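Asks: Contents of final-v5.tsv (TSV, C-alpha atoms) are below:
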```tsv
chain	number	residue	atom	x	y	z
A	1	MET	CA	-16.26	-2.62	-19.21
A	2	SER	CA	-14.46	-0.45	-21.76
A	3	ALA	CA	-11.34	-1.69	-23.52
A	4	SER	CA	-9.17	0.93	-21.81
A	5	ALA	CA	-10.53	-0.02	-18.37
A	6	CYS	CA	-9.82	-3.70	-19.11
A	7	ALA	CA	-6.29	-2.84	-20.24
A	8	LEU	CA	-5.70	-0.82	-17.06
A	9	LEU	CA	-7.03	-3.63	-14.88
A	10	LEU	CA	-4.84	-6.14	-16.70
A	11	ALA	CA	-1.77	-3.91	-16.27
A	12	LEU	CA	-2.45	-3.53	-12.57
A	13	THR	CA	-3.02	-7.25	-12.17
A	14	VAL	CA	0.25	-8.20	-13.83
A	15	THR	CA	2.22	-5.56	-11.91
A	16	ALA	CA	0.74	-6.07	-8.48
A	17	CYS	CA	-0.07	-9.76	-8.51
A	18	GLY	CA	2.83	-11.40	-10.30
A	19	ASP	CA	2.71	-14.77	-11.99
A	20	ASP	CA	1.97	-16.80	-8.87
A	21	GLY	CA	-1.71	-15.91	-8.66
A	22	VAL	CA	-1.59	-13.64	-5.62
A	23	GLU	CA	-4.72	-11.49	-5.63
A	24	LEU	CA	-4.78	-8.18	-3.82
A	25	PRO	CA	-7.76	-6.11	-2.70
A	26	MET	CA	-8.74	-3.25	-5.01
A	27	ALA	CA	-10.51	0.04	-4.26
A	28	GLY	CA	-12.48	2.08	-6.78
A	29	ASP	CA	-11.40	5.42	-5.36
A	30	THR	CA	-9.98	7.16	-2.29
A	31	GLU	CA	-13.25	6.87	-0.38
A	32	ALA	CA	-13.27	3.12	-1.04
A	33	VAL	CA	-9.75	2.87	0.43
A	34	ALA	CA	-10.98	4.68	3.55
A	35	THR	CA	-13.93	2.27	3.76
A	36	TYR	CA	-11.57	-0.71	3.41
A	37	VAL	CA	-9.38	0.55	6.28
A	38	ASP	CA	-12.41	1.31	8.47
A	39	LYS	CA	-13.94	-2.11	7.80
A	40	ASN	CA	-10.72	-3.94	8.71
A	41	VAL	CA	-9.28	-1.94	11.63
A	42	GLY	CA	-11.96	0.60	12.55
A	43	CYS	CA	-11.50	4.35	12.28
A	44	GLN	CA	-12.55	6.81	14.96
A	45	ASP	CA	-12.10	9.61	12.44
A	46	THR	CA	-11.10	9.77	8.78
A	47	ASP	CA	-9.60	12.85	7.14
A	48	PHE	CA	-8.98	13.20	3.42
A	49	TYR	CA	-6.06	15.19	2.02
A	50	THR	CA	-6.92	18.60	0.62
A	51	SER	CA	-6.00	19.35	-2.97
A	52	SER	CA	-2.98	21.36	-1.77
A	53	ASP	CA	-1.86	18.47	0.51
A	54	LEU	CA	-2.22	16.07	-2.38
A	55	ALA	CA	-0.31	18.36	-4.77
A	56	GLU	CA	2.56	18.51	-2.27
A	57	ILE	CA	2.61	14.72	-1.79
A	58	ARG	CA	2.54	14.16	-5.55
A	59	SER	CA	5.37	16.64	-6.17
A	60	GLU	CA	7.53	15.14	-3.42
A	61	PHE	CA	6.77	11.50	-4.08
A	62	SER	CA	4.75	10.28	-7.08
A	63	ASP	CA	2.36	11.56	-9.73
A	64	ALA	CA	0.66	8.16	-9.57
A	65	ILE	CA	-1.16	9.20	-6.37
A	66	ASP	CA	-4.63	10.62	-6.95
A	67	GLY	CA	-6.00	10.78	-3.41
A	68	GLY	CA	-5.40	9.90	0.19
A	69	GLY	CA	-5.94	10.66	3.82
A	70	ASP	CA	-5.59	9.19	7.25
A	71	CYS	CA	-7.64	7.03	9.55
A	72	ASP	CA	-7.34	7.72	13.28
A	73	VAL	CA	-7.62	4.27	14.81
A	74	ASP	CA	-7.23	5.53	18.37
A	75	ASP	CA	-5.61	8.44	20.20
A	76	ASP	CA	-2.10	7.12	19.47
A	77	THR	CA	-2.46	5.36	16.12
A	78	ASP	CA	-3.32	6.41	12.61
A	79	ILE	CA	-3.03	4.74	9.23
A	80	ASP	CA	-2.20	6.90	6.23
A	81	PHE	CA	-3.71	5.74	2.94
A	82	LEU	CA	-3.16	6.58	-0.72
A	83	HIS	CA	-5.14	5.69	-3.83
A	84	VAL	CA	-2.86	5.03	-6.81
A	85	THR	CA	-3.70	5.34	-10.50
A	86	ASP	CA	-0.57	3.65	-11.88
A	87	MET	CA	0.98	1.03	-9.61
A	88	THR	CA	3.96	0.48	-11.92
A	89	GLU	CA	4.89	4.17	-11.71
A	90	PHE	CA	4.24	4.23	-7.96
A	91	GLN	CA	6.55	1.25	-7.36
A	92	LYS	CA	9.31	2.83	-9.44
A	93	ASP	CA	8.92	6.13	-7.56
A	94	LEU	CA	8.94	4.26	-4.24
A	95	ALA	CA	12.15	2.41	-5.13
A	96	ALA	CA	13.82	5.74	-5.96
A	97	SER	CA	12.63	7.48	-2.78
A	98	ASP	CA	13.76	7.68	0.83
A	99	GLU	CA	10.58	5.78	1.75
A	100	SER	CA	11.74	2.57	0.06
A	101	ASP	CA	12.99	1.12	3.35
A	102	ASP	CA	9.78	1.88	5.28
A	103	ASN	CA	8.75	-1.60	6.36
A	104	GLY	CA	5.24	-0.44	7.30
A	105	LEU	CA	4.00	0.13	3.75
A	106	MET	CA	1.27	-2.30	2.73
A	107	ILE	CA	-0.15	-2.58	-0.75
A	108	GLY	CA	-3.39	-3.49	-2.43
A	109	MET	CA	-4.02	-3.63	-6.16
A	110	ASN	CA	-4.29	0.16	-6.42
A	111	PHE	CA	-3.75	1.56	-2.94
A	112	VAL	CA	-1.08	1.84	-0.28
A	113	LEU	CA	-1.34	2.00	3.51
A	114	ASP	CA	1.32	3.16	5.96
A	115	VAL	CA	0.68	0.96	9.00
A	116	ASP	CA	2.67	1.48	12.19
A	117	ARG	CA	1.17	-1.06	14.59
A	118	ASP	CA	1.88	-4.77	14.28
A	119	GLU	CA	-1.62	-5.80	15.37
A	120	HIS	CA	-3.19	-3.74	12.57
A	121	ALA	CA	-0.65	-5.00	10.05
A	122	ARG	CA	-1.48	-8.62	10.89
A	123	THR	CA	-5.19	-7.88	10.48
A	124	LEU	CA	-4.53	-6.28	7.09
A	125	LEU	CA	-2.30	-9.18	6.01
A	126	ASP	CA	-5.20	-11.50	6.85
A	127	ALA	CA	-7.45	-9.23	4.76
A	128	GLY	CA	-5.25	-9.77	1.70
A	129	LEU	CA	-2.71	-6.95	1.72
A	130	LEU	CA	1.02	-7.50	1.39
A	131	TYR	CA	4.02	-5.46	2.43
A	132	ILE	CA	5.94	-3.72	-0.33
A	133	ASP	CA	9.66	-3.59	0.23
A	134	CYS	CA	12.27	-2.17	-2.13
A	135	GLU	CA	15.39	-2.99	-0.11
A	136	PRO	CA	17.95	-4.53	-2.47
A	137	GLY	CA	18.74	-8.13	-1.62
A	138	LEU	CA	15.93	-8.50	0.90
A	139	GLU	CA	16.05	-12.02	2.32
A	140	ILE	CA	12.60	-13.55	2.74
A	141	PRO	CA	12.30	-17.02	4.30
A	142	ASP	CA	10.82	-19.68	1.99
A	143	THR	CA	7.72	-20.05	4.17
A	144	TYR	CA	6.53	-16.54	3.21
A	145	THR	CA	5.03	-15.16	0.01
A	146	ARG	CA	7.44	-13.35	-2.28
A	147	VAL	CA	6.14	-11.64	-5.44
A	148	GLU	CA	8.57	-9.72	-7.62
A	149	ALA	CA	7.29	-6.22	-8.35
A	150	GLU	CA	8.66	-3.22	-10.25
A	151	ALA	CA	12.11	-1.64	-9.83
A	152	GLY	CA	13.44	-4.39	-7.59
A	153	CYS	CA	10.57	-4.15	-5.11
A	154	VAL	CA	8.92	-7.25	-3.71
A	155	LEU	CA	5.50	-7.91	-2.22
A	156	THR	CA	5.51	-10.16	0.80
A	157	ASN	CA	3.67	-11.22	3.92
A	158	TYR	CA	7.00	-11.38	5.78
A	159	GLU	CA	7.05	-9.00	8.74
A	160	ARG	CA	10.51	-7.53	9.28
A	161	GLU	CA	11.46	-6.15	12.67
```
Re-express the file's structure as structure tokens.
Replies:
Amino acid sequence: MSASACALLLALTVTACGDDGVELPMAGDTEAVATYVDKNVGCQDTDFYTSSDLAEIRSEFSDAIDGGGDCDVDDDTDIDFLHVTDMTEFQKDLAASDESDDNGLMIGMNFVLDVDRDEHARTLLDAGLLYIDCEPGLEIPDTYTRVEAEAGCVLTNYERE
């Protein structure tokens, strides 16, 4: 592995995992994120964002996003997914956005899922993902994982209502 790849992996590990040893799933690219979602919840259909869709998402939200799409789980449910190149930047952008209070965002080492259904979220928690929440002063009971992240965000397995 090259020195720059090792440095990037180390930076992502420190940012996403914290000092308590929490390890998150990692995906090599956008297609690997789609495969991860399909493997864990099953996708009837997967669509990837076009370059113009991606440019719009990046301009409205974060330059740290390099790909994404959505997985249609069934007729009423889909899971949006994003592959992220710089999790530190993504977390800072998330904290500054209107999306920071979306309690359906789940995070891996270098990807994010927007999960709307509790049953799928529980499956993904069991598969190693955590919620990312940037609400200031978020109270998390002691029985749940709490990992401090960037810009006041926390990673947790606590499911808010």
Asks: So which one's closest to A:Ala151, A:Thr30, A:Gln91, A:Ser97, A:Thr46? Using only C-alpha atoms, please.
Replies: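 Smallest distance to A:Ala151 is found for A:Gln91.
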Asks: Have a look at atom CA of A:Ser52 and atom CA of A:Asp133 and let me know their distance in Å, one decimal.
Replies: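 Between atom CA of A:Ser52 and atom CA of A:Asp133 the gap works out to 28.0 Å.
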Asks: Looking at only C-alpha atoms, which of A:Phe111, A:Phe48, A:Tyr144, A:Tyr131 is the one that sits closest to A:Asp29?
Replies: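 The closest residue to A:Asp29 is A:Phe111.
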Asks: Within 8 Å of stretch 77-88 of chain A, counting all atoms listed in the file, which residues show up once you throw out same-chain ones fewer than 2 positions away? Write them as a PyMOL selection string, please.
Replies: chain A and resi 12+15-16+27+29-30+33-34+64-75+90-92+109-117+150
Asks: Which one of A:Asp53, A:Glu31, A:Glu159, A:Glu89 sits closest to A:Ile132 if you count all atoms listed in the file?
Replies: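 Of all the options, A:Glu159 lies closest to A:Ile132.
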Asks: Nearest to A:Glu119: which of A:Thr143, A:Pro136, A:Glu99, A:Val41 is it, counting all atoms listed in the file?
Replies: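 Closest candidate: A:Val41.
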Asks: What's the separation between atom CA of A:Asp93 and atom CA of A:Asp118, in Å to one decimal place?
Replies: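 Answer for the atom CA of A:Asp93 to atom CA of A:Asp118 separation: 25.4 Å.
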Asks: Pick from A:Ala121, A:Ala96, A:Leu129, A:Leu54: nearest to A:Met26, with only C-alpha atoms counted?
Replies: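 Between A:Ala121, A:Ala96, A:Leu129, A:Leu54, the residue approaching A:Met26 most closely is A:Leu129.
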Asks: For each of A:Leu94, A:Cys43, A:Val37, A:Ala32, take the minimum atom-to-atom distance to A:Asp63, counting all atoms listed in the file, then give the residue where this is smallest.
Replies: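 Smallest separation from A:Asp63 among the options: A:Leu94.
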Asks: Excluding A:Ala127 and residues on its chain fewer than 3 positions from it, collect all residues at most 12 Å away from it, counting all atoms listed in the file, and give them as a list in words.
Replies: Glu23, Leu24, Pro25, Met26, Tyr36, Val37, Lys39, Asn40, Val41, Met106, Ile107, Gly108, His120, Ala121, Arg122, Thr123, Leu124, Leu130 and Asn157 of chain A
Asks: Suppose you want the space between atom CA of A:Glu60 and atom CA of A:Leu105; what is it in Å?
Replies: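 Atom-to-atom, atom CA of A:Glu60 to atom CA of A:Leu105, that is 17.0 Å.
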Asks: So that all listed atoms of stretch 147-159 of chain A fit with 8 Å spare on each side, what axis-aligned box centre and edge lengths in Å, to one decimal, would you give as lines of an AutoDock Vina configuration file?
Replies:
```
center_x = 8.6
center_y = -6.6
center_z = -0.8
size_x = 25.8
size_y = 26.0
size_z = 35.0
```
